[in-house]
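File shown here: protein.tsv, holding TSV, C-alpha atoms and all ligand atoms.
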```tsv
chain	number	residue	atom	x	y	z
A	318	MET	CA	22.11	-133.08	83.33
A	319	THR	CA	23.08	-134.88	86.47
A	320	THR	CA	23.26	-132.76	89.57
A	321	ASN	CA	25.53	-135.04	91.57
A	322	ASP	CA	28.71	-134.22	89.63
A	323	PHE	CA	31.19	-133.97	92.51
A	324	LEU	CA	33.92	-132.60	90.22
A	325	PRO	CA	32.50	-129.89	87.95
A	326	ILE	CA	35.07	-128.83	85.31
A	327	ASN	CA	34.69	-125.81	83.04
A	328	GLY	CA	37.33	-126.98	80.57
A	329	THR	CA	41.06	-127.48	80.12
A	330	ASP	CA	42.97	-124.61	81.73
A	331	TYR	CA	46.45	-125.31	80.34
A	332	VAL	CA	48.84	-128.11	79.45
A	333	GLU	CA	52.37	-127.77	80.82
A	334	PHE	CA	55.39	-129.45	79.25
A	335	TYR	CA	58.65	-129.91	81.12
A	336	VAL	CA	61.29	-129.38	78.46
A	337	GLY	CA	65.04	-129.01	78.08
A	338	ASN	CA	64.83	-125.55	76.57
A	339	ALA	CA	61.59	-123.64	77.11
A	340	LYS	CA	62.61	-120.67	75.00
A	341	GLN	CA	63.17	-122.80	71.91
A	342	ALA	CA	60.13	-125.01	72.52
A	343	ALA	CA	57.91	-121.92	72.76
A	344	TYR	CA	59.38	-120.61	69.52
A	345	PHE	CA	58.67	-123.91	67.74
A	346	TYR	CA	55.03	-123.86	68.81
A	347	GLN	CA	54.71	-120.25	67.73
A	348	ALA	CA	56.44	-120.61	64.38
A	349	ALA	CA	55.18	-124.07	63.42
A	350	PHE	CA	51.72	-124.23	65.03
A	351	GLY	CA	50.77	-120.54	65.14
A	352	PHE	CA	50.54	-120.14	68.92
A	353	GLN	CA	50.62	-116.58	70.24
A	354	PRO	CA	52.83	-115.37	73.10
A	355	LEU	CA	50.87	-114.84	76.32
A	356	ALA	CA	52.92	-114.86	79.53
A	357	TYR	CA	56.39	-115.37	80.94
A	358	SER	CA	58.04	-116.19	84.23
A	359	GLY	CA	61.80	-116.42	84.75
A	360	LEU	CA	64.88	-114.67	86.10
A	361	GLU	CA	63.57	-111.23	85.08
A	362	THR	CA	60.41	-111.77	87.12
A	363	GLY	CA	62.34	-112.98	90.16
A	364	ASN	CA	61.97	-116.70	89.46
A	365	LYS	CA	65.41	-118.20	90.05
A	366	GLU	CA	64.50	-121.90	89.76
A	367	LYS	CA	62.69	-122.18	86.46
A	368	THR	CA	61.61	-120.40	83.32
A	369	SER	CA	58.15	-120.74	81.78
A	370	TYR	CA	56.73	-119.44	78.51
A	371	VAL	CA	52.97	-119.52	77.96
A	372	VAL	CA	51.47	-119.52	74.47
A	373	GLN	CA	47.86	-119.51	73.37
A	374	GLN	CA	45.72	-120.16	70.30
A	375	GLY	CA	41.93	-120.21	70.52
A	376	LYS	CA	41.25	-121.72	73.93
A	377	ILE	CA	44.41	-123.84	73.87
A	378	ARG	CA	47.01	-122.71	76.36
A	379	LEU	CA	50.40	-124.43	76.46
A	380	VAL	CA	53.16	-123.81	79.00
A	381	PHE	CA	56.81	-124.74	78.42
A	382	THR	CA	58.89	-124.93	81.55
A	383	THR	CA	62.59	-125.58	81.95
A	384	SER	CA	64.69	-125.92	85.07
A	385	LEU	CA	67.53	-123.54	85.86
A	386	GLU	CA	68.95	-126.08	88.31
A	387	PRO	CA	70.39	-129.55	87.60
A	388	ASP	CA	68.74	-131.46	90.44
A	389	SER	CA	65.21	-130.10	90.48
A	390	GLU	CA	62.06	-132.15	89.97
A	391	ILE	CA	61.76	-130.56	86.52
A	392	ALA	CA	65.33	-131.42	85.51
A	393	LYS	CA	64.89	-135.01	86.70
A	394	HIS	CA	61.61	-135.27	84.81
A	395	CYS	CA	63.29	-134.11	81.59
A	396	ASN	CA	66.25	-136.38	82.09
A	397	LYS	CA	64.04	-139.41	82.51
A	398	HIS	CA	61.16	-138.73	80.12
A	399	GLY	CA	62.58	-136.29	77.60
A	400	ASP	CA	60.34	-133.31	76.82
A	401	GLY	CA	56.82	-134.25	77.80
A	402	VAL	CA	53.56	-133.27	79.41
A	403	LYS	CA	53.79	-132.92	83.18
A	404	VAL	CA	50.53	-131.12	83.91
A	405	THR	CA	47.05	-131.19	82.47
A	406	ALA	CA	45.38	-128.34	84.31
A	407	LEU	CA	41.62	-128.33	84.65
A	408	TRP	CA	39.68	-125.13	85.13
A	409	VAL	CA	37.30	-125.67	88.03
A	410	PRO	CA	34.88	-123.49	89.99
A	411	ASP	CA	36.35	-124.66	93.33
A	412	ALA	CA	39.92	-125.99	93.56
A	413	ARG	CA	39.68	-126.78	97.28
A	414	LYS	CA	36.56	-128.88	96.78
A	415	ALA	CA	38.08	-130.58	93.70
A	416	TYR	CA	41.06	-131.60	95.83
A	417	GLU	CA	38.94	-132.77	98.73
A	418	GLU	CA	36.53	-134.80	96.58
A	419	THR	CA	39.26	-136.54	94.58
A	420	THR	CA	41.71	-137.24	97.40
A	421	LYS	CA	38.97	-138.65	99.62
A	422	ARG	CA	38.19	-141.06	96.76
A	423	GLY	CA	41.80	-142.20	96.64
A	424	ALA	CA	43.70	-139.71	94.47
A	425	LYS	CA	47.36	-139.27	95.44
A	426	SER	CA	48.08	-135.67	96.40
A	427	TYR	CA	50.48	-133.61	94.28
A	428	MET	CA	49.74	-130.17	95.67
A	429	GLN	CA	47.56	-129.19	98.60
A	430	PRO	CA	45.16	-126.32	97.86
A	431	GLN	CA	47.15	-123.12	97.77
A	432	SER	CA	46.20	-119.52	97.12
A	433	PHE	CA	48.42	-117.40	94.87
A	434	SER	CA	47.89	-113.70	94.42
A	435	ASP	CA	49.32	-110.57	92.88
A	436	ALA	CA	48.00	-107.17	91.84
A	437	ASP	CA	45.62	-108.85	89.36
A	438	GLY	CA	43.83	-110.93	91.96
A	439	GLU	CA	43.82	-114.43	93.37
A	440	VAL	CA	44.05	-117.96	91.96
A	441	VAL	CA	43.58	-121.14	93.97
A	442	CYS	CA	45.38	-124.27	92.75
A	443	SER	CA	45.53	-127.86	93.96
A	444	GLY	CA	46.80	-131.01	92.32
A	445	ILE	CA	46.63	-134.80	92.15
A	446	TYR	CA	48.65	-137.47	90.39
A	447	THR	CA	47.30	-139.49	87.50
A	448	TYR	CA	49.16	-142.14	85.43
A	449	GLY	CA	52.96	-142.21	85.61
A	450	GLU	CA	54.39	-138.92	86.83
A	451	THR	CA	51.67	-136.91	85.10
A	452	VAL	CA	49.49	-134.67	87.25
A	453	HIS	CA	46.19	-132.81	87.12
A	454	ILE	CA	46.20	-129.35	88.61
A	455	PHE	CA	42.84	-127.82	89.48
A	456	VAL	CA	42.78	-124.09	88.77
A	457	GLU	CA	40.16	-121.77	90.26
A	458	ARG	CA	40.57	-118.38	88.60
A	459	ASP	CA	37.25	-116.51	88.89
A	460	ASN	CA	38.94	-113.75	90.89
A	461	TYR	CA	41.91	-113.27	88.60
A	462	LYS	CA	42.38	-110.94	85.65
A	463	GLY	CA	46.12	-111.24	84.93
A	464	PRO	CA	47.52	-112.73	81.70
A	465	PHE	CA	47.98	-116.24	83.13
A	466	LEU	CA	48.75	-116.95	86.79
A	467	PRO	CA	50.24	-114.89	89.63
A	468	GLY	CA	54.03	-114.71	89.16
A	469	PHE	CA	53.72	-114.40	85.38
A	470	VAL	CA	53.97	-111.19	83.38
A	471	ALA	CA	52.53	-110.52	79.95
A	472	TRP	CA	54.94	-111.69	77.26
A	473	ASN	CA	55.10	-109.35	74.28
A	474	PRO	CA	57.96	-110.32	71.97
A	475	GLU	CA	58.36	-108.67	68.59
A	476	PHE	CA	57.94	-112.00	66.80
A	477	ARG	CA	54.34	-112.98	66.08
A	478	SER	CA	53.37	-115.82	63.81
A	479	LYS	CA	50.01	-116.09	62.07
A	480	GLU	CA	47.50	-118.34	63.84
A	481	ALA	CA	46.72	-121.65	62.13
A	482	GLY	CA	43.04	-121.91	63.09
A	483	LEU	CA	43.47	-124.17	66.13
A	484	LEU	CA	40.56	-123.69	68.53
A	485	TYR	CA	40.49	-125.99	71.54
A	486	ILE	CA	41.71	-129.34	72.85
A	487	ASP	CA	39.27	-131.97	71.59
A	488	HIS	CA	40.81	-134.80	73.57
A	489	MET	CA	44.06	-135.78	75.21
A	490	VAL	CA	45.33	-139.34	75.14
A	491	GLY	CA	47.34	-141.14	77.79
A	492	ASN	CA	49.43	-144.26	77.27
A	493	VAL	CA	49.45	-146.51	80.32
A	494	GLY	CA	51.43	-149.67	80.97
A	495	TRP	CA	50.62	-153.33	80.32
A	496	GLY	CA	47.40	-154.37	82.03
A	497	GLU	CA	46.83	-150.89	83.49
A	498	MET	CA	44.05	-149.56	81.28
A	499	ASN	CA	41.23	-150.72	83.52
A	500	THR	CA	42.98	-149.42	86.62
A	501	TRP	CA	43.16	-145.95	85.13
A	502	ALA	CA	39.70	-146.06	83.56
A	503	GLU	CA	38.46	-146.90	87.04
A	504	PHE	CA	40.52	-144.05	88.50
A	505	TYR	CA	38.81	-141.55	86.18
A	506	ASN	CA	35.45	-143.08	86.99
A	507	LYS	CA	35.71	-143.45	90.78
A	508	VAL	CA	38.10	-140.64	91.68
A	509	MET	CA	37.07	-138.01	89.12
A	510	GLY	CA	33.48	-139.03	88.31
A	511	PHE	CA	34.12	-139.53	84.58
A	512	THR	CA	32.14	-142.04	82.55
A	513	GLN	CA	33.28	-144.32	79.77
A	514	LEU	CA	32.27	-143.22	76.28
A	515	ILE	CA	33.75	-145.96	74.12
A	516	SER	CA	36.14	-148.84	74.29
A	517	PHE	CA	38.22	-150.50	71.60
A	518	ASP	CA	40.02	-153.79	71.88
A	519	ASP	CA	42.61	-155.51	69.79
A	520	ASN	CA	39.95	-156.74	67.37
A	521	ASP	CA	39.24	-153.12	66.50
A	522	ILE	CA	42.78	-151.86	66.61
A	523	SER	CA	45.21	-154.29	65.18
A	524	THR	CA	47.31	-154.71	62.13
A	525	GLU	CA	49.41	-157.66	61.13
A	526	TYR	CA	52.00	-156.63	63.67
A	527	THR	CA	50.67	-154.42	66.40
A	528	ALA	CA	47.73	-154.06	68.70
A	529	LEU	CA	46.41	-151.85	71.45
A	530	MET	CA	43.39	-151.48	73.66
A	531	SER	CA	41.69	-148.20	74.41
A	532	LYS	CA	38.94	-146.72	76.58
A	533	VAL	CA	37.65	-143.17	76.33
A	534	MET	CA	36.74	-141.46	79.62
A	535	ALA	CA	34.79	-138.19	79.66
A	536	ASN	CA	33.66	-135.78	82.35
A	537	ASP	CA	30.06	-134.82	83.05
A	538	ASN	CA	29.74	-131.95	80.53
A	539	GLY	CA	31.85	-133.77	77.92
A	540	ARG	CA	34.41	-130.98	77.65
A	541	ILE	CA	37.17	-133.23	78.94
A	542	LYS	CA	37.83	-136.43	77.03
A	543	PHE	CA	40.73	-138.66	78.01
A	544	PRO	CA	41.23	-141.79	75.91
A	545	LEU	CA	43.56	-144.28	77.61
A	546	ASN	CA	45.68	-146.71	75.62
A	547	GLU	CA	47.25	-149.91	76.82
A	548	PRO	CA	49.62	-152.00	74.68
A	549	ALA	CA	48.35	-155.39	73.53
A	550	HIS	CA	50.38	-158.28	72.26
A	551	GLY	CA	51.01	-158.38	68.52
A	552	LYS	CA	53.69	-159.99	66.41
A	553	LYS	CA	55.94	-156.99	66.89
A	554	LYS	CA	56.28	-154.05	69.23
A	555	SER	CA	53.24	-151.76	69.30
A	556	GLN	CA	53.48	-147.98	69.11
A	557	ILE	CA	52.22	-147.83	72.70
A	558	GLU	CA	55.03	-150.06	73.85
A	559	GLU	CA	57.51	-147.99	71.86
A	560	TYR	CA	56.19	-144.87	73.60
A	561	ILE	CA	56.48	-146.43	77.05
A	562	ASP	CA	60.01	-147.65	76.30
A	563	PHE	CA	61.15	-144.17	75.29
A	564	TYR	CA	59.11	-142.16	77.79
A	565	LYS	CA	60.22	-144.59	80.51
A	566	GLY	CA	56.70	-145.10	81.70
A	567	PRO	CA	53.11	-143.96	81.15
A	568	GLY	CA	52.44	-140.45	79.92
A	569	VAL	CA	50.52	-138.22	77.55
A	570	GLN	CA	50.67	-139.57	74.00
A	571	HIS	CA	48.82	-137.01	71.93
A	572	LEU	CA	46.78	-133.87	72.09
A	573	ALA	CA	43.99	-133.58	69.53
A	574	LEU	CA	43.52	-129.96	68.53
A	575	ALA	CA	40.25	-128.92	66.90
A	576	THR	CA	39.86	-126.66	63.88
A	577	ASN	CA	36.86	-125.47	61.87
A	578	ASN	CA	38.79	-125.71	58.62
A	579	ILE	CA	41.20	-128.62	58.56
A	580	VAL	CA	42.18	-128.02	54.95
A	581	GLU	CA	43.45	-124.52	55.66
A	582	THR	CA	44.95	-125.49	59.02
A	583	VAL	CA	46.89	-128.48	57.72
A	584	ALA	CA	48.06	-126.66	54.57
A	585	GLU	CA	49.39	-123.91	56.83
A	586	LEU	CA	51.05	-126.30	59.31
A	587	ARG	CA	52.71	-128.28	56.51
A	588	LYS	CA	54.07	-125.06	55.02
A	589	ARG	CA	55.64	-124.21	58.37
A	590	GLY	CA	57.35	-127.54	58.82
A	591	VAL	CA	54.96	-129.66	60.88
A	592	GLU	CA	55.46	-133.24	59.70
A	593	PHE	CA	52.48	-135.56	59.33
A	594	LEU	CA	52.05	-139.29	58.93
A	595	THR	CA	51.01	-140.35	55.47
A	596	VAL	CA	48.74	-143.16	54.33
A	597	PRO	CA	49.08	-144.82	50.93
A	598	GLN	CA	47.21	-143.01	48.15
A	599	SER	CA	45.17	-146.20	47.73
A	600	TYR	CA	43.36	-145.20	50.96
A	601	TYR	CA	41.53	-142.60	48.89
A	602	ASP	CA	40.41	-145.12	46.24
A	603	THR	CA	37.90	-146.69	48.60
A	604	VAL	CA	37.35	-144.20	51.41
A	605	LEU	CA	34.13	-142.71	50.03
A	606	GLU	CA	32.56	-146.17	49.85
A	607	ARG	CA	33.16	-146.40	53.59
A	608	VAL	CA	32.19	-142.87	54.67
A	609	GLY	CA	29.65	-141.79	52.03
A	610	HIS	CA	29.13	-138.18	50.98
A	611	ILE	CA	31.42	-135.47	52.35
A	612	ASP	CA	31.31	-131.73	51.73
A	613	GLU	CA	35.01	-131.45	50.94
A	614	GLU	CA	36.64	-132.21	47.63
A	615	LEU	CA	38.38	-135.56	48.00
A	616	LYS	CA	41.34	-134.52	45.88
A	617	ILE	CA	42.19	-131.70	48.30
A	618	LEU	CA	42.03	-134.06	51.30
A	619	GLN	CA	44.14	-136.58	49.41
A	620	ASP	CA	46.80	-133.99	48.56
A	621	LEU	CA	47.10	-133.08	52.25
A	622	ASN	CA	46.74	-136.71	53.40
A	623	ILE	CA	43.77	-135.90	55.65
A	624	LEU	CA	41.83	-138.96	56.85
A	625	ILE	CA	38.05	-139.34	56.98
A	626	ASP	CA	35.76	-141.40	59.21
A	627	ARG	CA	32.04	-141.58	59.90
A	628	ASP	CA	29.81	-142.67	62.79
A	629	ASP	CA	26.04	-142.56	63.38
A	630	GLU	CA	26.08	-138.84	64.02
A	631	GLY	CA	28.20	-137.53	61.19
A	632	TYR	CA	31.77	-137.58	59.97
A	633	LEU	CA	35.16	-136.28	61.00
A	634	LEU	CA	38.40	-135.28	59.32
A	635	GLN	CA	41.70	-135.93	61.06
A	636	ILE	CA	45.44	-136.12	60.58
A	637	PHE	CA	48.31	-137.11	62.88
A	638	SER	CA	51.71	-135.50	63.17
A	639	LYS	CA	54.93	-137.37	63.57
A	640	PRO	CA	56.43	-137.11	67.07
A	641	VAL	CA	57.39	-133.47	67.68
A	642	GLU	CA	60.58	-134.27	69.53
A	643	ASP	CA	63.53	-136.64	69.27
A	644	ARG	CA	62.14	-139.44	71.38
A	645	PRO	CA	59.16	-141.05	69.59
A	646	THR	CA	56.70	-139.94	72.26
A	647	VAL	CA	54.38	-136.92	72.05
A	648	PHE	CA	52.53	-136.10	68.83
A	649	TYR	CA	49.49	-134.09	67.71
A	650	GLU	CA	46.22	-134.83	66.01
A	651	ILE	CA	44.38	-132.13	64.09
A	652	ILE	CA	40.65	-132.83	64.00
A	653	GLN	CA	37.57	-131.26	62.44
A	654	ARG	CA	34.27	-132.74	63.55
A	655	LYS	CA	31.29	-132.58	61.25
A	656	GLY	CA	28.78	-134.22	63.54
A	657	ALA	CA	30.81	-137.28	64.48
A	658	LYS	CA	31.57	-137.69	68.17
A	659	SER	CA	33.90	-140.67	67.80
A	660	PHE	CA	37.67	-140.87	67.35
A	661	GLY	CA	38.33	-142.22	63.88
A	662	LYS	CA	38.16	-145.96	64.44
A	663	GLY	CA	37.79	-146.54	60.69
A	664	ASN	CA	41.25	-145.04	60.18
A	665	PHE	CA	43.08	-147.02	62.83
A	666	LYS	CA	44.32	-149.71	60.48
A	667	ALA	CA	45.70	-147.33	57.84
A	668	LEU	CA	47.13	-145.18	60.55
A	669	PHE	CA	48.84	-147.97	62.43
A	670	GLU	CA	50.39	-149.27	59.27
A	671	SER	CA	51.73	-145.79	58.70
A	672	ILE	CA	53.16	-145.68	62.23
A	673	GLU	CA	54.72	-149.10	61.71
A	674	ARG	CA	56.54	-147.80	58.65
A	675	GLU	CA	57.97	-145.04	60.85
A	676	GLN	CA	58.86	-147.55	63.58
A	677	GLU	CA	60.59	-149.67	60.98
A	678	ARG	CA	62.75	-146.68	60.02
A	679	ARG	CA	63.55	-146.09	63.71
A	680	GLY	CA	64.41	-149.75	64.23
A	681	THR	CA	61.83	-150.01	67.03
A	682	LEU	CA	59.18	-152.26	65.47
B	1	FE2	FE	43.06	-138.90	69.04
```

Since I need it in another form, could you write the structure as structure tokens?
Amino acid sequence: MTTNDFLPINGTDYVEFYVGNAKQAAYFYQAAFGFQPLAYSGLETGNKEKTSYVVQQGKIRLVFTTSLEPDSEIAKHCNKHGDGVKVTALWVPDARKAYEETTKRGAKSYMQPQSFSDADGEVVCSGIYTYGETVHIFVERDNYKGPFLPGFVAWNPEFRSKEAGLLYIDHMVGNVGWGEMNTWAEFYNKVMGFTQLISFDDNDISTEYTALMSKVMANDNGRIKFPLNEPAHGKKKSQIEEYIDFYKGPGVQHLALATNNIVETVAELRKRGVEFLTVPQSYYDTVLERVGHIDEELKILQDLNILIDRDDEGYLLQIFSKPVEDRPTVFYEIIQRKGAKSFGKGNFKALFESIEREQERRGTL
């Protein structure tokens, strides 16, 4: 391991969405994805500006925040972008140092280091901007034992859904604007000390109509993986361009959530109304020639439309949801890794053709 990592990160702390209706968003993630209620902040806790619900499954913690005022930063964010990810919070051993090291390397400040405390202890937070209006908040919580953060109370509603086997965030993808991929790859490298794992260009990722370019940036211990996509010119509008048009700028495109049993997880999610992209059944006629032996029964994967890919280290199973809101922006990937450390390059073509069919229906291709 290198010892000169200037930004040690323990893992993802939480992902916060700014949404139009936090109560209903939280319910959707509970009912459809099996998240469990964790914490709440709102009028009843003395918070007159905004309401936040926090849900958790495995190590994945999602926060849904809505504004109670029409002109707040949150309300403006929702008005412009629709529901979307505002914050990717990183759990760090030292939030003051994280702020100092990144801002001195050129990061734009979002929040100066600040200490928050209540009866359960102290949390230090600081924050910097990344692409678009998205921010990273550094959270130092070694001296805190409350349910989430100071200002939040435990949330114990009567309704509990069954978990769906989701364990942790495998990676989180950002869509950046035309010609901006290298700028942001460099930002993660220079400002945050990440290194590049893989890159794809339009020779790897193109169909008859659409293209994109992608670089995967990872932190020192590999727990944080941020692929970055940039649109590339194709015959028609790419899904990245469609995202940027509807999100009105760069933003988080998808969160990949890991499971140890994708068959059970996806069967459960489908039953609860999560909608997934489908590939033609012909995909399964030839997939084993490409990926070789797999432990799972192909028929079961085919019935659930789960995709398979292999690299030098093993294979992976993955599936992609349709956008989870009205604008075609944020979606989810469910992934089970069986040795493979890559991102499913072998599935890009089938997948993009599937997305194009959806774009066609939306009139945005
Ligand atoms: Fe992904």

Can you tell me which residues surround Lys403 of chain A at a distance of at most 9 Å, considering only C-alpha atoms, apart from same-chain residues fewer than 6 positions away, and format the answer as a short mmCIF file (atom, residue, chain, number, x, y, z; two decimals) with C-alpha atoms, in the coordinates of the input?
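As a result, out-v1.cif now contains:
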```
data_model
loop_
_atom_site.label_atom_id
_atom_site.label_comp_id
_atom_site.auth_asym_id
_atom_site.auth_seq_id
_atom_site.Cartn_x
_atom_site.Cartn_y
_atom_site.Cartn_z
CA VAL A 332 48.84 -128.11 79.45
CA GLU A 333 52.37 -127.77 80.82
CA PHE A 334 55.39 -129.45 79.25
CA TYR A 335 58.65 -129.91 81.12
CA ILE A 391 61.76 -130.56 86.52
CA HIS A 394 61.61 -135.27 84.81
CA GLU A 450 54.39 -138.92 86.83
CA THR A 451 51.67 -136.91 85.10
CA VAL A 452 49.49 -134.67 87.25
CA HIS A 453 46.19 -132.81 87.12
CA GLY A 568 52.44 -140.45 79.92
CA VAL A 569 50.52 -138.22 77.55
#
```

task = Could you please extract the residues within 9 Å of ligand FE2 1 (chain B), counting all atoms listed in the file, and hand them back as a VMD selection string?
result = chain A and resid 487 to 490 544 571 to 574 635 637 649 to 652 660 to 661

Just the selected residues (C-alpha atoms), exported as an mmCIF file, in the frame of the given file, please.
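File written: again07.cif
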```cif
data_model
loop_
_atom_site.group_PDB
_atom_site.id
_atom_site.type_symbol
_atom_site.label_atom_id
_atom_site.label_comp_id
_atom_site.auth_asym_id
_atom_site.auth_seq_id
_atom_site.Cartn_x
_atom_site.Cartn_y
_atom_site.Cartn_z
ATOM 1 C CA ASP A 487 39.270 -131.970 71.590
ATOM 2 C CA HIS A 488 40.810 -134.800 73.570
ATOM 3 C CA MET A 489 44.060 -135.780 75.210
ATOM 4 C CA VAL A 490 45.330 -139.340 75.140
ATOM 5 C CA PRO A 544 41.230 -141.790 75.910
ATOM 6 C CA HIS A 571 48.820 -137.010 71.930
ATOM 7 C CA LEU A 572 46.780 -133.870 72.090
ATOM 8 C CA ALA A 573 43.990 -133.580 69.530
ATOM 9 C CA LEU A 574 43.520 -129.960 68.530
ATOM 10 C CA GLN A 635 41.700 -135.930 61.060
ATOM 11 C CA PHE A 637 48.310 -137.110 62.880
ATOM 12 C CA TYR A 649 49.490 -134.090 67.710
ATOM 13 C CA GLU A 650 46.220 -134.830 66.010
ATOM 14 C CA ILE A 651 44.380 -132.130 64.090
ATOM 15 C CA ILE A 652 40.650 -132.830 64.000
ATOM 16 C CA PHE A 660 37.670 -140.870 67.350
ATOM 17 C CA GLY A 661 38.330 -142.220 63.880
#
```

When you look at Lys367 of chain A with a cut-off of 8 Å (counting only C-alpha atoms), what residues show up, excluding the ones that are within fewer than 5 positions of it in the same chain? I need them as a PDB file with C-alpha atoms, in the coordinates of the input.
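This went into part-v6.pdb:
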```
ATOM      1  CA  SER A 358      58.040-116.190  84.230  1.00  0.00           C
ATOM      2  CA  GLY A 359      61.800-116.420  84.750  1.00  0.00           C
ATOM      3  CA  LEU A 360      64.880-114.670  86.100  1.00  0.00           C
ATOM      4  CA  THR A 382      58.890-124.930  81.550  1.00  0.00           C
ATOM      5  CA  THR A 383      62.590-125.580  81.950  1.00  0.00           C
ATOM      6  CA  SER A 384      64.690-125.920  85.070  1.00  0.00           C
ATOM      7  CA  LEU A 385      67.530-123.540  85.860  1.00  0.00           C
ATOM      8  CA  GLU A 386      68.950-126.080  88.310  1.00  0.00           C
TER       9      GLU A 386
END
```

ask   = Restricting the calculation to all atoms listed in the file, which member of A:Val470, A:Ala424, A:Leu355, A:Gln429 is positioned closest to Asn506 of chain A?
value =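 The shortest atom-to-atom distance to Asn506 of chain A comes from A:Ala424.
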
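Residue nearest Gly468 of chain A within the list A:Ala356, A:Leu514, A:Ile579, A:Ile445: A:Ala356 [criterion: smallest interatomic distance, all atoms listed in the file].
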
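Picture a line from atom CA of Leu483 of chain A to atom CA of Ala575 of chain A; it runs 5.8 Å.
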
Give me, as CSV, the closest atom pair and its distance (Å, one decimal) for every residue of segment 324-437 of chain A within a cut-off of 10 Å of segment 478-482 of chain A, counting only C-alpha atoms, rows sorted by chain and rising number.
```
residue,atom,partner,partner_atom,distance
A:Tyr344,CA,A:Ser478,CA,9.6
A:Tyr346,CA,A:Ser478,CA,9.6
A:Gln347,CA,A:Ser478,CA,6.1
A:Ala348,CA,A:Ser478,CA,5.7
A:Ala349,CA,A:Ser478,CA,8.5
A:Phe350,CA,A:Ala481,CA,6.3
A:Gly351,CA,A:Glu480,CA,4.2
A:Phe352,CA,A:Glu480,CA,6.2
A:Gln353,CA,A:Ser478,CA,7.0
A:Pro354,CA,A:Ser478,CA,9.3
A:Gln373,CA,A:Glu480,CA,9.6
A:Gln374,CA,A:Glu480,CA,6.9
A:Gly375,CA,A:Gly482,CA,7.7
```

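Among the candidates A:Asn577, A:Thr368, A:Gln619, A:Asn499, the residue lying nearest to Gln513 of chain A is A:Asn499 (atoms considered: only C-alpha atoms).
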
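Take atom CA of Leu324 of chain A and atom CA of Ser443 of chain A: the distance between them is 13.1 Å.
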
Exercise on segment 533-541 of chain A, axis-aligned box with 6 Å per side, report centre and edge lengths in Å to one decimal, as lines of an AutoDock Vina configuration file:
```
center_x = 33.7
center_y = -137.1
center_z = 79.7
size_x = 19.9
size_y = 24.2
size_z = 18.7
```

Report as an mmCIF file with C-alpha atoms, in the coordinates of the input all protein, DNA and RNA residues lying within 10 Å of Ala584 of chain A, evaluated on only C-alpha atoms, omitting residues in the same chain fewer than 5 positions from it.
```cif
data_model
loop_
_atom_site.group_PDB
_atom_site.id
_atom_site.type_symbol
_atom_site.label_atom_id
_atom_site.label_comp_id
_atom_site.auth_asym_id
_atom_site.auth_seq_id
_atom_site.Cartn_x
_atom_site.Cartn_y
_atom_site.Cartn_z
ATOM 1 C CA ALA A 481 46.720 -121.650 62.130
ATOM 2 C CA ILE A 579 41.200 -128.620 58.560
ATOM 3 C CA ARG A 589 55.640 -124.210 58.370
ATOM 4 C CA VAL A 591 54.960 -129.660 60.880
ATOM 5 C CA ILE A 617 42.190 -131.700 48.300
ATOM 6 C CA ASP A 620 46.800 -133.990 48.560
ATOM 7 C CA LEU A 621 47.100 -133.080 52.250
#
```

query = What does the distance between atom CA of Pro464 of chain A and atom CA of Asp400 of chain A come to in Å, to one decimal place?
reply = 24.7 Å
